[in-house]
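Here is the structure we will look at.
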Amino acid sequence: MNIADTQIDSEGMLLIARAVATTKISTLKLGLNQIGSYDKGIEALKILLKSTELKTLEINSIGLEDNGLATILNELKNSEIKKIVLSSNNLTDRSGKELVKINNKTIVAVDNNFKDPEIINKLKVR
């Protein structure tokens, strides 16, 4: 399902997450929406990560920051998600170091998110 670049905010994302959690959707593209790293946006991401059917989640350019990623990291580690696209967010090497520890996921995280070459080499960066 592609709902990227549709001007969805965190409140709208929460409604979508609750609906998607009960479907058999395997890919969800949410990039270029202003979901953010706080409250409802993070709650929505947690719901999506708990979905057993969702295998690919594209959350590029949603305004995700280190604190937001840290909040959802446990759900990401334990999720059924196999591929997560995090490019063009406001992530730093701090997040990169935590993502490296998740070795059963394909993490696509490019576009100036990480500076440390070791992190870039360890993540499946494209």
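All residue names refer to the structure tokens as shown: chains lettered A, B, ... in order, residues numbered from 1 in each chain, ligands numbered from 1 in order.
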
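Taking the backbone of this structure through DSSP, the residues of range 12-101 of chain A that come out as strand (DSSP E or B) are Thr27, Leu28, Lys29, Gln34, Thr56, Leu57, Glu58, Glu65, Lys83, Ile84, Val85 and Asn90 of chain A.
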
Please save C-alpha atoms of the selected residues as a JSON list (two decimals), in the first residue's frame.
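Now in selection16.json:
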[["chain", "number", "residue", "atom", "x", "y", "z"],
["A", 27, "THR", "CA", 4.23, -3.50, 2.36],
["A", 28, "LEU", "CA", 3.45, 0.00, 3.58],
["A", 29, "LYS", "CA", 5.03, 3.11, 2.06],
["A", 34, "GLN", "CA", 5.03, 14.51, 8.58],
["A", 56, "THR", "CA", 8.28, -3.95, 4.54],
["A", 57, "LEU", "CA", 7.89, -0.52, 6.08],
["A", 58, "GLU", "CA", 9.11, 2.56, 4.26],
["A", 65, "GLU", "CA", 14.85, 11.61, 15.01],
["A", 83, "LYS", "CA", 12.92, -4.49, 5.52],
["A", 84, "ILE", "CA", 12.72, -0.96, 6.86],
["A", 85, "VAL", "CA", 13.58, 2.14, 4.85],
["A", 90, "ASN", "CA", 17.13, 13.18, 11.16]]

- Query: Please, which residues of chain A, numbered as in this document, come out helix (DSSP H, G or I) from DSSP, as a ChimeraX atom specification?
  - Reply: /A:10-20,39-50,66-78,93-100,117-122

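Distance-wise, CA of Lys82 in chain A and CA of Phe114 in chain A end up 20.7 Å apart.
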
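Restricting the calculation to only C-alpha atoms, the smallest distance between Ser51 in chain A and any of A:Leu123, A:Leu64, A:Ile72, A:Ala21 is found for A:Ala21.
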
- Task: Would you kindly return, as number ranges by chain, each protein, DNA or RNA residue with an atom no farther than 8 Å from any atom of Ile119 in chain A, considering only C-alpha atoms and excluding same-chain residues fewer than 4 positions away?
- Result: A: 93, 96-97, 100, 114-115, 123

- Item | Closest of A:Ile59, A:Ile42, A:Ile47, A:Ala19 to Asn2 in chain A - atom-to-atom distances counting only C-alpha atoms | A:Ile59

- Query: Quick one: of A:Arg18, A:Ile62, A:Lys40, A:Ser79, who's nearest to Thr6 in chain A, counting only C-alpha atoms?
  - Reply: A:Ile62
